[in-house]
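What follows is a short report on a single structure.
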Amino acid sequence: MAAKAEKASPATGSPADLKEKKKERILDLSRYMDKLIRVKFTGGREAAGILKGYDPLLNIVLDNTVEYLRDPEDSFKLSEDTRQLGLVVCRGTAVVLICPADGMEAIPNPFIQPE
């Protein structure tokens, strides 16, 4: 019996087609290398530092890192207090948000009802 030649559907593609395609990353941090970024972590911590390295799991290395401390009376607000951390390796599973430090500004909460 002659073996049937299998055709790959355009939606799935064959393994050869997949190798030809360049793997695209959802988040490309290369454009932020050696620039100041701000990172929010699970649990509410926030830090800013110069991005020195990262990997596909979103583990990141920050230099000259500053942590923004929470207000002791209201844990949802940041206080004016900071502390210097220096060189930091941040675990990717704890990272919630990454943004450039110069492109971030606080806006009023649109969901708060006026009293």
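Here, A, B, ... name the chains of the structure tokens in the order displayed, residue numbers run from 1 inside each chain, and ligands are numbered from 1 in the same displayed order.
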Could you pull out the strand (DSSP E) residues of segment 61-102 of chain A from DSSP and send them as a PyMOL selection string?
chain A and resi 61-70+78-90+95-100
Contacts of segment 65-82 of chain A at 12 Å (only C-alpha atoms; same-chain gap of 3+ positions) as JSON, numbers by chain:
{"A": [35, 36, 37, 38, 39, 40, 41, 43, 44, 45, 46, 47, 48, 49, 50, 51, 52, 60, 61, 62, 85, 86, 87, 88, 89, 90, 101, 106]}
Among the residues A:Arg31, A:Gly53, A:Glu115, A:Thr42, the one that comes closest to Val95 of chain A [using only C-alpha atoms]:
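Looking only at the distances to Val95 of chain A, the closest residue turns out to be A:Thr42.
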